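Trainee: What follows is run-v1.pdb, made up of PDB, C-alpha atoms, pLDDT in the B column:
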```
ATOM      1  CA  MET E  29     174.092 115.152  34.331  1.00 52.00           C
ATOM      2  CA  PRO E  30     174.071 113.675  37.878  1.00 52.00           C
ATOM      3  CA  THR E  31     171.849 110.720  38.521  1.00 53.00           C
ATOM      4  CA  TYR E  32     169.287 110.920  41.347  1.00 49.00           C
ATOM      5  CA  TYR E  33     167.815 107.898  43.040  1.00 48.00           C
ATOM      6  CA  ILE E  34     164.449 107.908  44.767  1.00 46.00           C
ATOM      7  CA  LYS E  35     164.292 105.495  47.645  1.00 47.00           C
ATOM      8  CA  PHE E  36     160.895 103.906  48.349  1.00 44.00           C
ATOM      9  CA  ALA E  37     159.939 102.388  51.660  1.00 48.00           C
ATOM     10  CA  PRO E  38     159.575  98.638  51.418  1.00 50.00           C
ATOM     11  CA  GLN E  39     156.013  97.498  50.697  1.00 50.00           C
ATOM     12  CA  THR E  40     155.872  95.586  53.953  1.00 53.00           C
ATOM     13  CA  ASN E  41     156.578  98.768  55.945  1.00 57.00           C
ATOM     14  CA  LEU E  42     153.826 100.649  54.098  1.00 51.00           C
ATOM     15  CA  GLN E  43     151.379  97.846  54.894  1.00 56.00           C
ATOM     16  CA  ALA E  44     152.370  97.878  58.558  1.00 55.00           C
ATOM     17  CA  VAL E  45     151.853 101.647  58.773  1.00 49.00           C
ATOM     18  CA  ALA E  46     148.440 101.297  57.109  1.00 52.00           C
ATOM     19  CA  LYS E  47     147.426  98.532  59.509  1.00 57.00           C
ATOM     20  CA  GLN E  48     148.504 100.569  62.532  1.00 62.00           C
ATOM     21  CA  SER E  49     146.541 103.562  61.288  1.00 59.00           C
ATOM     22  CA  LYS E  50     143.468 101.410  60.700  1.00 59.00           C
ATOM     23  CA  LEU E  51     143.816  99.806  64.143  1.00 61.00           C
ATOM     24  CA  LYS E  52     144.042 103.234  65.786  1.00 59.00           C
ATOM     25  CA  GLN E  53     140.934 104.318  63.904  1.00 61.00           C
ATOM     26  CA  ILE E  54     139.022 101.219  65.021  1.00 62.00           C
ATOM     27  CA  LEU E  55     140.116 101.695  68.644  1.00 60.00           C
ATOM     28  CA  LYS E  56     139.088 105.339  68.465  1.00 54.00           C
ATOM     29  CA  ILE E  57     135.646 104.370  67.183  1.00 57.00           C
ATOM     30  CA  ILE E  58     135.267 101.697  69.882  1.00 61.00           C
ATOM     31  CA  GLY E  59     136.360 104.164  72.551  1.00 53.00           C
ATOM     32  CA  GLY E  60     133.860 106.691  71.262  1.00 51.00           C
ATOM     33  CA  LEU E  61     131.060 104.126  71.340  1.00 47.00           C
ATOM     34  CA  VAL E  62     131.946 103.079  74.895  1.00 53.00           C
ATOM     35  CA  VAL E  63     131.833 106.706  76.055  1.00 49.00           C
ATOM     36  CA  PHE E  64     128.644 107.337  74.067  1.00 47.00           C
ATOM     37  CA  PHE E  65     126.797 104.445  75.715  1.00 50.00           C
ATOM     38  CA  THR E  66     128.310 104.394  79.203  1.00 57.00           C
ATOM     39  CA  LEU E  67     128.513 108.098  80.017  1.00 48.00           C
ATOM     40  CA  PRO E  68     124.741 108.747  79.780  1.00 52.00           C
ATOM     41  CA  THR E  69     124.147 105.569  81.801  1.00 51.00           C
ATOM     42  CA  LEU E  70     126.558 106.678  84.501  1.00 50.00           C
ATOM     43  CA  LEU E  71     125.029 110.159  84.565  1.00 49.00           C
ATOM     44  CA  LEU E  72     121.517 108.704  84.812  1.00 47.00           C
ATOM     45  CA  PHE E  73     122.562 106.335  87.599  1.00 46.00           C
ATOM     46  CA  GLY E  74     124.225 109.211  89.449  1.00 61.00           C
ATOM     47  CA  PHE E  75     121.089 111.338  89.128  1.00 48.00           C
ATOM     48  CA  MET E  76     118.839 108.512  90.300  1.00 54.00           C
ATOM     49  CA  TYR E  77     121.166 107.681  93.181  1.00 54.00           C
ATOM     50  CA  LEU E  78     121.165 111.260  94.442  1.00 55.00           C
ATOM     51  CA  LYS E  79     117.403 111.605  93.957  1.00 56.00           C
ATOM     52  CA  TYR E  80     116.139 108.286  95.319  1.00 64.00           C
ATOM     53  CA  ASN E  81     118.763 106.645  97.511  1.00 74.00           C
ATOM     54  CA  GLU E  82     117.764 106.582 101.181  1.00 85.00           C
ATOM     55  CA  GLU E  83     119.172 104.974 104.269  1.00 89.00           C
ATOM     56  CA  LEU E  84     117.113 102.260 105.909  1.00 91.00           C
ATOM     57  CA  PRO E  85     114.857 103.982 108.461  1.00 91.00           C
ATOM     58  CA  THR E  86     114.774 102.998 112.086  1.00 89.00           C
ATOM     59  CA  GLY E  87     111.608 102.010 113.869  1.00 93.00           C
ATOM     60  CA  GLN E  88     110.219 100.417 116.989  1.00 95.00           C
ATOM     61  CA  GLN E  89     109.349  96.751 117.303  1.00 96.00           C
ATOM     62  CA  GLY E  90     106.492  95.692 119.511  1.00 96.00           C
ATOM     63  CA  ALA E  91     102.749  95.878 119.914  1.00 97.00           C
ATOM     64  CA  LYS E  92     102.211  99.070 117.892  1.00 97.00           C
ATOM     65  CA  ALA E  93     104.041  97.663 114.868  1.00 98.00           C
ATOM     66  CA  ASP E  94     102.104  94.412 115.105  1.00 98.00           C
ATOM     67  CA  LEU E  95      98.844  96.348 115.430  1.00 98.00           C
ATOM     68  CA  LEU E  96      99.576  98.241 112.201  1.00 98.00           C
ATOM     69  CA  ALA E  97     100.439  94.980 110.450  1.00 98.00           C
ATOM     70  CA  SER E  98      97.154  93.469 111.652  1.00 98.00           C
ATOM     71  CA  LYS E  99      95.269  96.531 110.400  1.00 98.00           C
ATOM     72  CA  MET E 100      96.770  95.972 106.936  1.00 98.00           C
ATOM     73  CA  LEU E 101      95.707  92.321 106.962  1.00 98.00           C
ATOM     74  CA  ASP E 102      92.193  93.223 108.103  1.00 97.00           C
ATOM     75  CA  ALA E 103      91.888  95.742 105.261  1.00 98.00           C
ATOM     76  CA  LEU E 104      92.805  92.970 102.815  1.00 97.00           C
ATOM     77  CA  ASP E 105      90.531  90.342 104.417  1.00 96.00           C
ATOM     78  CA  GLU E 106      93.330  87.962 105.358  1.00 97.00           C
ATOM     79  CA  LYS E 107      90.827  85.276 106.318  1.00 97.00           C
ATOM     80  CA  ALA E 108      89.686  85.024 102.691  1.00 98.00           C
ATOM     81  CA  TYR E 109      93.304  84.703 101.540  1.00 98.00           C
ATOM     82  CA  LEU E 110      94.036  81.966 104.076  1.00 97.00           C
ATOM     83  CA  LYS E 111      91.007  80.011 102.838  1.00 97.00           C
ATOM     84  CA  THR E 112      92.203  80.288  99.242  1.00 98.00           C
ATOM     85  CA  ASP E 113      93.476  76.850  98.198  1.00 98.00           C
ATOM     86  CA  TYR E 114      94.570  77.694  94.659  1.00 98.00           C
ATOM     87  CA  LEU E 115      96.112  80.767  93.029  1.00 98.00           C
ATOM     88  CA  GLU E 116      96.916  81.227  89.358  1.00 98.00           C
ATOM     89  CA  TRP E 117      98.607  84.200  87.683  1.00 98.00           C
ATOM     90  CA  THR E 118     100.948  85.400  84.961  1.00 98.00           C
ATOM     91  CA  PHE E 119     103.861  87.672  85.859  1.00 98.00           C
ATOM     92  CA  LYS E 120     104.876  90.285  83.269  1.00 96.00           C
ATOM     93  CA  GLY E 121     103.553  88.053  80.503  1.00 97.00           C
ATOM     94  CA  ARG E 122     106.542  85.713  80.913  1.00 96.00           C
ATOM     95  CA  HIS E 123     106.119  83.414  83.901  1.00 98.00           C
ATOM     96  CA  HIS E 124     102.944  81.445  84.540  1.00 98.00           C
ATOM     97  CA  TYR E 125     101.936  79.929  87.864  1.00 98.00           C
ATOM     98  CA  LYS E 126      99.421  77.431  89.202  1.00 98.00           C
ATOM     99  CA  TRP E 127      99.921  77.415  92.950  1.00 98.00           C
ATOM    100  CA  PHE E 128      98.121  74.789  95.019  1.00 98.00           C
ATOM    101  CA  LYS E 129      98.560  76.514  98.373  1.00 96.00           C
ATOM    102  CA  SER E 130      96.805  73.839 100.398  1.00 94.00           C
ATOM    103  CA  GLU E 131      99.067  71.155  98.896  1.00 96.00           C
ATOM    104  CA  ASN E 132     102.233  73.298  99.010  1.00 97.00           C
ATOM    105  CA  THR E 133     103.007  72.705  95.332  1.00 98.00           C
ATOM    106  CA  CYS E 134     103.213  74.974  92.311  1.00 98.00           C
ATOM    107  CA  GLU E 135     103.444  74.533  88.560  1.00 98.00           C
ATOM    108  CA  VAL E 136     105.869  77.100  87.113  1.00 98.00           C
ATOM    109  CA  HIS E 137     105.981  77.576  83.344  1.00 98.00           C
ATOM    110  CA  TRP E 138     108.249  79.761  81.177  1.00 98.00           C
ATOM    111  CA  LYS E 139     109.325  79.376  77.553  1.00 96.00           C
ATOM    112  CA  ASP E 140     109.543  75.602  76.902  1.00 96.00           C
ATOM    113  CA  PHE E 141     110.066  74.713  80.564  1.00 97.00           C
ATOM    114  CA  THR E 142     107.565  73.520  83.145  1.00 98.00           C
ATOM    115  CA  VAL E 143     108.593  72.690  86.697  1.00 98.00           C
ATOM    116  CA  LEU E 144     106.271  71.069  89.207  1.00 98.00           C
ATOM    117  CA  LEU E 145     107.644  72.372  92.483  1.00 98.00           C
ATOM    118  CA  ASP E 146     107.129  70.322  95.626  1.00 98.00           C
ATOM    119  CA  PHE E 147     107.901  72.759  98.438  1.00 97.00           C
ATOM    120  CA  ASN E 148     107.817  69.996 101.052  1.00 96.00           C
ATOM    121  CA  GLN E 149     110.549  68.026  99.230  1.00 95.00           C
ATOM    122  CA  LEU E 150     112.161  70.065  96.462  1.00 95.00           C
ATOM    123  CA  LYS E 151     114.158  67.045  95.326  1.00 91.00           C
ATOM    124  CA  ASN E 152     110.848  65.414  94.382  1.00 94.00           C
ATOM    125  CA  SER E 153     110.027  68.259  91.972  1.00 98.00           C
ATOM    126  CA  LYS E 154     109.613  67.347  88.309  1.00 98.00           C
ATOM    127  CA  VAL E 155     110.949  69.126  85.237  1.00 98.00           C
ATOM    128  CA  PHE E 156     109.494  69.068  81.744  1.00 98.00           C
ATOM    129  CA  VAL E 157     111.107  70.458  78.599  1.00 97.00           C
ATOM    130  CA  ALA E 158     108.796  70.809  75.597  1.00 95.00           C
ATOM    131  CA  ASN E 159     106.258  68.648  77.503  1.00 92.00           C
ATOM    132  CA  ASN E 160     108.772  65.809  77.934  1.00 97.00           C
ATOM    133  CA  GLU E 161     109.981  64.920  81.417  1.00 97.00           C
ATOM    134  CA  TYR E 162     113.620  65.843  81.901  1.00 96.00           C
ATOM    135  CA  ASN E 163     116.020  64.085  84.293  1.00 96.00           C
ATOM    136  CA  GLY E 164     119.347  65.304  82.908  1.00 95.00           C
ATOM    137  CA  ILE E 165     122.277  66.879  84.736  1.00 94.00           C
ATOM    138  CA  GLU E 166     120.652  70.341  84.657  1.00 95.00           C
ATOM    139  CA  LYS E 167     117.444  69.218  86.353  1.00 96.00           C
ATOM    140  CA  GLN E 168     118.372  70.741  89.709  1.00 96.00           C
ATOM    141  CA  ASP E 169     119.319  74.002  88.004  1.00 96.00           C
ATOM    142  CA  TYR E 170     115.851  74.248  86.475  1.00 97.00           C
ATOM    143  CA  ILE E 171     114.249  73.466  89.841  1.00 98.00           C
ATOM    144  CA  SER E 172     116.325  76.192  91.527  1.00 96.00           C
ATOM    145  CA  LYS E 173     115.436  78.663  88.771  1.00 97.00           C
ATOM    146  CA  ALA E 174     111.724  77.896  89.098  1.00 98.00           C
ATOM    147  CA  GLU E 175     111.930  78.315  92.871  1.00 97.00           C
ATOM    148  CA  ALA E 176     113.682  81.679  92.471  1.00 95.00           C
ATOM    149  CA  TYR E 177     111.054  82.798  89.955  1.00 97.00           C
ATOM    150  CA  PHE E 178     108.305  81.763  92.352  1.00 97.00           C
ATOM    151  CA  ASN E 179     109.883  83.516  95.347  1.00 95.00           C
ATOM    152  CA  ASN E 180     110.180  86.781  93.440  1.00 95.00           C
ATOM    153  CA  ASP E 181     106.958  86.757  91.422  1.00 97.00           C
ATOM    154  CA  SER E 182     104.667  85.504  94.180  1.00 97.00           C
ATOM    155  CA  PHE E 183     106.047  88.204  96.488  1.00 96.00           C
ATOM    156  CA  TRP E 184     104.749  90.888  94.110  1.00 97.00           C
ATOM    157  CA  LEU E 185     101.342  89.219  94.403  1.00 98.00           C
ATOM    158  CA  VAL E 186     100.951  88.262  98.070  1.00 98.00           C
ATOM    159  CA  ALA E 187     103.670  90.100 100.045  1.00 97.00           C
ATOM    160  CA  PRO E 188     101.248  91.860 102.432  1.00 97.00           C
ATOM    161  CA  TYR E 189     100.014  88.486 103.670  1.00 97.00           C
ATOM    162  CA  LYS E 190     103.553  87.461 104.683  1.00 95.00           C
ATOM    163  CA  VAL E 191     104.172  90.071 107.384  1.00 96.00           C
ATOM    164  CA  PHE E 192     103.697  87.564 110.208  1.00 96.00           C
ATOM    165  CA  ASP E 193     105.714  84.749 108.602  1.00 94.00           C
ATOM    166  CA  SER E 194     108.431  83.071 110.621  1.00 92.00           C
ATOM    167  CA  GLY E 195     111.658  85.089 110.646  1.00 93.00           C
ATOM    168  CA  VAL E 196     109.920  88.403 109.887  1.00 95.00           C
ATOM    169  CA  GLU E 197     110.565  91.516 111.955  1.00 96.00           C
ATOM    170  CA  ARG E 198     108.064  94.376 112.073  1.00 97.00           C
ATOM    171  CA  ARG E 199     108.774  97.970 113.091  1.00 97.00           C
ATOM    172  CA  LEU E 200     106.630 101.068 113.331  1.00 98.00           C
ATOM    173  CA  VAL E 201     108.181 103.997 111.466  1.00 97.00           C
ATOM    174  CA  LYS E 202     107.097 107.640 111.544  1.00 94.00           C
ATOM    175  CA  THR E 203     107.375 109.202 108.095  1.00 91.00           C
ATOM    176  CA  ASP E 204     108.407 112.798 107.431  1.00 86.00           C
ATOM    177  CA  ASP E 205     104.739 113.821 107.141  1.00 88.00           C
ATOM    178  CA  GLY E 206     103.924 112.274 110.522  1.00 90.00           C
ATOM    179  CA  LYS E 207     102.148 109.159 109.240  1.00 93.00           C
ATOM    180  CA  ASN E 208     102.677 105.607 110.418  1.00 96.00           C
ATOM    181  CA  ALA E 209     104.459 103.187 108.091  1.00 97.00           C
ATOM    182  CA  LEU E 210     105.314  99.523 108.559  1.00 98.00           C
ATOM    183  CA  LEU E 211     108.923  98.408 108.131  1.00 97.00           C
ATOM    184  CA  VAL E 212     109.140  94.678 107.434  1.00 97.00           C
ATOM    185  CA  THR E 213     112.471  92.827 107.413  1.00 96.00           C
ATOM    186  CA  TYR E 214     112.840  89.212 106.291  1.00 93.00           C
ATOM    187  CA  THR E 215     115.673  87.783 108.359  1.00 89.00           C
ATOM    188  CA  SER E 216     115.399  84.301 106.866  1.00 78.00           C
ATOM    189  CA  GLY E 217     113.736  82.359 104.069  1.00 66.00           C
ATOM    190  CA  GLY E 218     113.158  83.288 100.447  1.00 62.00           C
ATOM    191  CA  THR E 219     115.911  83.868  97.923  1.00 62.00           C
ATOM    192  CA  THR E 220     117.456  87.008  99.472  1.00 64.00           C
ATOM    193  CA  PRO E 221     117.062  87.038 103.270  1.00 72.00           C
ATOM    194  CA  GLY E 222     117.806  90.386 104.897  1.00 83.00           C
ATOM    195  CA  ASP E 223     115.653  92.449 102.529  1.00 93.00           C
ATOM    196  CA  SER E 224     113.501  95.190 104.054  1.00 95.00           C
ATOM    197  CA  TYR E 225     110.319  96.894 102.854  1.00 97.00           C
ATOM    198  CA  LEU E 226     108.624 100.008 104.186  1.00 97.00           C
ATOM    199  CA  TRP E 227     104.874  99.757 103.612  1.00 98.00           C
ATOM    200  CA  HIS E 228     102.818 102.932 103.131  1.00 97.00           C
ATOM    201  CA  LEU E 229      99.119 102.428 103.840  1.00 97.00           C
ATOM    202  CA  ASP E 230      95.933 104.381 103.236  1.00 96.00           C
ATOM    203  CA  ALA E 231      93.552 105.380 106.035  1.00 95.00           C
ATOM    204  CA  SER E 232      91.916 101.934 106.056  1.00 96.00           C
ATOM    205  CA  GLY E 233      95.270 100.139 106.229  1.00 96.00           C
ATOM    206  CA  LYS E 234      95.352  98.983 102.615  1.00 97.00           C
ATOM    207  CA  PRO E 235      98.815  99.070 100.991  1.00 98.00           C
ATOM    208  CA  ILE E 236      99.521 101.940  98.602  1.00 97.00           C
ATOM    209  CA  SER E 237     103.233 101.354  98.025  1.00 97.00           C
ATOM    210  CA  PHE E 238     106.431 100.155  99.597  1.00 97.00           C
ATOM    211  CA  LYS E 239     110.056 101.265  99.559  1.00 96.00           C
ATOM    212  CA  MET E 240     112.700  98.600  99.138  1.00 93.00           C
ATOM    213  CA  TRP E 241     116.111  97.954 100.641  1.00 94.00           C
ATOM    214  CA  VAL E 242     117.064  94.790  98.777  1.00 91.00           C
ATOM    215  CA  ASP E 243     120.302  93.207  97.592  1.00 86.00           C
ATOM    216  CA  ILE E 244     119.176  93.018  93.982  1.00 84.00           C
ATOM    217  CA  LEU E 245     118.851  96.815  93.616  1.00 76.00           C
ATOM    218  CA  PRO E 246     121.892  99.148  93.732  1.00 81.00           C
ATOM    219  CA  ILE E 247     119.781 102.088  94.914  1.00 83.00           C
ATOM    220  CA  GLU E 248     118.219 101.794  98.364  1.00 88.00           C
ATOM    221  CA  GLY E 249     114.741 103.056  99.128  1.00 90.00           C
ATOM    222  CA  ILE E 250     113.284 102.717  95.617  1.00 92.00           C
ATOM    223  CA  GLU E 251     109.475 102.909  95.775  1.00 95.00           C
ATOM    224  CA  ALA E 252     106.975 100.674  93.993  1.00 96.00           C
ATOM    225  CA  THR E 253     103.221 101.156  93.981  1.00 98.00           C
ATOM    226  CA  TRP E 254     100.633  98.521  94.833  1.00 98.00           C
ATOM    227  CA  GLU E 255      97.513  99.292  92.834  1.00 97.00           C
ATOM    228  CA  ASN E 256      94.608  98.093  90.681  1.00 98.00           C
ATOM    229  CA  TRP E 257      93.506  95.591  93.307  1.00 98.00           C
ATOM    230  CA  ILE E 258      90.971  92.901  92.435  1.00 98.00           C
ATOM    231  CA  THR E 259      88.932  90.503  94.532  1.00 98.00           C
ATOM    232  CA  THR E 260      89.117  86.888  93.390  1.00 98.00           C
ATOM    233  CA  ALA E 261      86.375  84.269  93.567  1.00 98.00           C
ATOM    234  CA  SER E 262      87.782  83.136  96.932  1.00 97.00           C
ATOM    235  CA  GLY E 263      87.558  86.674  98.317  1.00 97.00           C
ATOM    236  CA  SER E 264      91.319  87.267  98.448  1.00 97.00           C
ATOM    237  CA  GLN E 265      92.418  90.751  97.384  1.00 98.00           C
ATOM    238  CA  LEU E 266      95.395  90.928  95.048  1.00 98.00           C
ATOM    239  CA  PRO E 267      97.163  93.685  93.059  1.00 98.00           C
ATOM    240  CA  THR E 268      97.414  93.643  89.273  1.00 98.00           C
ATOM    241  CA  PHE E 269      99.932  96.442  88.753  1.00 98.00           C
ATOM    242  CA  HIS E 270     103.062  97.992  90.272  1.00 98.00           C
ATOM    243  CA  LYS E 271     104.846 101.106  89.081  1.00 96.00           C
ATOM    244  CA  LEU E 272     108.593 101.053  89.722  1.00 92.00           C
ATOM    245  CA  LEU E 273     110.324 104.259  88.582  1.00 88.00           C
ATOM    246  CA  PHE E 274     109.707 104.377  84.810  1.00 85.00           C
ATOM    247  CA  PHE E 275     108.615 100.745  84.570  1.00 90.00           C
ATOM    248  CA  GLY E 276     105.366  98.889  85.031  1.00 96.00           C
ATOM    249  CA  ILE E 277     105.026  95.404  86.495  1.00 96.00           C
ATOM    250  CA  GLU E 278     101.789  93.820  85.312  1.00 98.00           C
ATOM    251  CA  ILE E 279     100.204  90.731  86.832  1.00 98.00           C
ATOM    252  CA  THR E 280      97.449  89.156  84.738  1.00 98.00           C
ATOM    253  CA  ASP E 281      95.179  86.091  84.565  1.00 98.00           C
ATOM    254  CA  ILE E 282      94.746  86.074  88.341  1.00 98.00           C
ATOM    255  CA  LYS E 283      92.507  83.422  89.824  1.00 98.00           C
ATOM    256  CA  GLY E 284      91.877  82.592  93.461  1.00 98.00           C
ATOM    257  CA  ILE E 285      89.700  79.586  94.284  1.00 97.00           C
ATOM    258  CA  ILE E 286      88.539  77.642  97.318  1.00 97.00           C
ATOM    259  CA  LEU E 287      88.671  73.972  96.315  1.00 91.00           C
TER     260      LEU E 287
END
```
Could I get this structure in the form of structure tokens?
Mentor:
Amino acid sequence: MPTYYIKFAPQTNLQAVAKQSKLKQILKIIGGLVVFFTLPTLLLFGFMYLKYNEELPTGQQGAKADLLASKMLDALDEKAYLKTDYLEWTFKGRHHYKWFKSENTCEVHWKDFTVLLDFNQLKNSKVFVANNEYNGIEKQDYISKAEAYFNNDSFWLVAPYKVFDSGVERRLVKTDDGKNALLVTYTSGGTTPGDSYLWHLDASGKPISFKMWVDILPIEGIEATWENWITTASGSQLPTFHKLLFFGIEITDIKGIIL
């Protein structure tokens, strides 16, 4: 009777094949997860871009634009705001501010950090971590972060009052429905100079919303509301809520005082 021999693949080859198969399976799962999470995001971004993206409108500088800006300030009682020495607020429940306007300083607090900003001499600002003064190598980073927080969060509180700041350009824009809107461009200052905002006002001149052309947003012309205004003890009028697409920006614990 002839003898038959069965040849087995070496164990090491079987292990290699198994590892390759397992690796392919893992890569397939990872690829599926990437598609699962990124494809809806890309589709949503594409939809939003097509729906909301707008080119920056053109407008006319001059007396008419300045007159509309002045009407907005009158509707908000700018004189009361200018007399306000101290403002306090909380932005989105995360960042807390005590702004001494008349002294040009502000206490900025988030998590375990507190920075006492001196806007006249930023290098003189103080940093505290867990209530202990900090002078380590990251001190300047914390000061810069606090300044950036302040620039952004205070803008959502007092932006209408900044339309005549140095380096600001104002233009009168006619909207599609024939109404006047105020295009404001910040050519200098702040954290992101060059940003533009198109203010929509009610009949009295009070802000209703603005559209934004800003570096931080990939879609141009996104609109945010300005609503739920309150009048502080100093008489300054400030918003407590903004709606931006599907999100809400809440500003709480607002105080305005004449010292």
Trainee: Which residue gives the smallest distance to Leu211 of chain E among E:Glu175, E:Asp94, E:Asp230, E:Glu106, with all atoms listed in the file counted?
Mentor: E:Asp94
Trainee: Go ahead and compute the interatomic distance for atom CA of Lys154 of chain E and atom CA of Ile171 of chain E, in Å to one decimal.
Mentor: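 A separation of 7.8 Å between them.
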Trainee: Atom CA of Asn256 of chain E and atom CA of Lys173 of chain E are how many Å apart?
Mentor: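 About the pair atom CA of Asn256 of chain E and atom CA of Lys173 of chain E: they are 28.5 Å apart.
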Trainee: Counting all atoms listed in the file, figure out which residue out of E:Asn152, E:Thr215, E:Ser172, E:Asn180 gets nearest to Asp193 of chain E.
Mentor: E:Thr215
Trainee: Name the closest residue to Gly249 of chain E among the candidates E:Lys107, E:Ala261, E:Asp223, E:Gly233; distances are taken between atoms, counting all atoms listed in the file.
Mentor: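 Checking each candidate against Gly249 of chain E, we get E:Asp223 as the closest.
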Trainee: As a check of understanding, name the residues that the PyMOL selection byres ((chain E and resi 229) around 9) selects in the supplied structure, as a list in words.
Mentor: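 The output of the PyMOL selection byres ((chain E and resi 229) around 9) on this file is Met100, Asn208, Ala209, Leu210, Trp227, His228, Asp230, Ala231, Ser232, Gly233, Lys234, Pro235, Ile236, Ser237 and Phe238 of chain E.
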Trainee: Apply the PyMOL selection byres ((chain E and resi 88) around 7) to the displayed file and report the matching residues as a compact mmCIF listing (two decimals) with C-alpha atoms, in the frame of the given file.
Mentor:
```txt
# COMPACT_ATOMS: atom_id res chain seq x y z
CA GLY E 87 111.61 102.01 113.87
CA GLN E 89 109.35 96.75 117.30
CA GLY E 90 106.49 95.69 119.51
CA ARG E 199 108.77 97.97 113.09
CA LEU E 200 106.63 101.07 113.33
CA VAL E 201 108.18 104.00 111.47
```
Trainee: The residues within 12 Å of (112.6, 82.7, 93.3), using all atoms listed in the file and the coordinates of the file, should be reported as an NGL selection string; which are they?
Mentor: :E and (123 or 136 or 145 or 170-184 or 217-221)
Trainee: Measuring between all atoms listed in the file, which one of E:Ala91, E:Trp257, E:Tyr125, E:Lys271 shows the shortest distance to Lys239 of chain E?
Mentor: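 Comparing E:Ala91, E:Trp257, E:Tyr125, E:Lys271 against Lys239 of chain E, the winner is E:Lys271.
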Trainee: Which is closest to Asp243 of chain E among E:Ala108, E:Ile258, E:Ala97, E:Gly222, if we use only C-alpha atoms?
Mentor: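 Comparing E:Ala108, E:Ile258, E:Ala97, E:Gly222 against Asp243 of chain E, the winner is E:Gly222.
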Trainee: Step by step, work through what the PyMOL selection byres ((chain E and resi 167) around 10) selects in the shown file, and finish by giving those residues as a list in words.
Mentor: Val143, Lys151, Ser153, Lys154, Val155, Phe156, Glu161, Tyr162, Asn163, Gly164, Ile165, Glu166, Gln168, Asp169, Tyr170, Ile171, Ser172 and Lys173 of chain E
Trainee: Using Å and a single decimal, report how far atom CA of Trp117 of chain E sits from atom CA of Asp281 of chain E.
Mentor: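 Straight-line distance from atom CA of Asp281 of chain E to atom CA of Trp117 of chain E works out to 5.0 Å.
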Trainee: Just the residues within 9 Å of Lys129 of chain E, please, counting all atoms listed in the file, with nothing from its chain fewer than 2 positions along; format it as a list in words.
Mentor: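 Counting only the stated atoms, we get Thr112, Asp113, Tyr114, Leu115, Trp127, Glu131, Asn132, Thr133 and Cys134 of chain E.
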Trainee: Restricting the output to C-alpha atoms, write the selected residues as a PDB file, in the frame of the given file.
Mentor:
```pdb
ATOM      1  CA  THR E 112      92.203  80.288  99.242  1.00 98.00           C
ATOM      2  CA  ASP E 113      93.476  76.850  98.198  1.00 98.00           C
ATOM      3  CA  TYR E 114      94.570  77.694  94.659  1.00 98.00           C
ATOM      4  CA  LEU E 115      96.112  80.767  93.029  1.00 98.00           C
ATOM      5  CA  TRP E 127      99.921  77.415  92.950  1.00 98.00           C
ATOM      6  CA  GLU E 131      99.067  71.155  98.896  1.00 96.00           C
ATOM      7  CA  ASN E 132     102.233  73.298  99.010  1.00 97.00           C
ATOM      8  CA  THR E 133     103.007  72.705  95.332  1.00 98.00           C
ATOM      9  CA  CYS E 134     103.213  74.974  92.311  1.00 98.00           C
TER      10      CYS E 134
END
```
Trainee: Counting only C-alpha atoms, figure out which residue out of E:Lys207, E:Lys126, E:Lys139, E:Arg198 gets nearest to Ala93 of chain E.
Mentor: E:Arg198
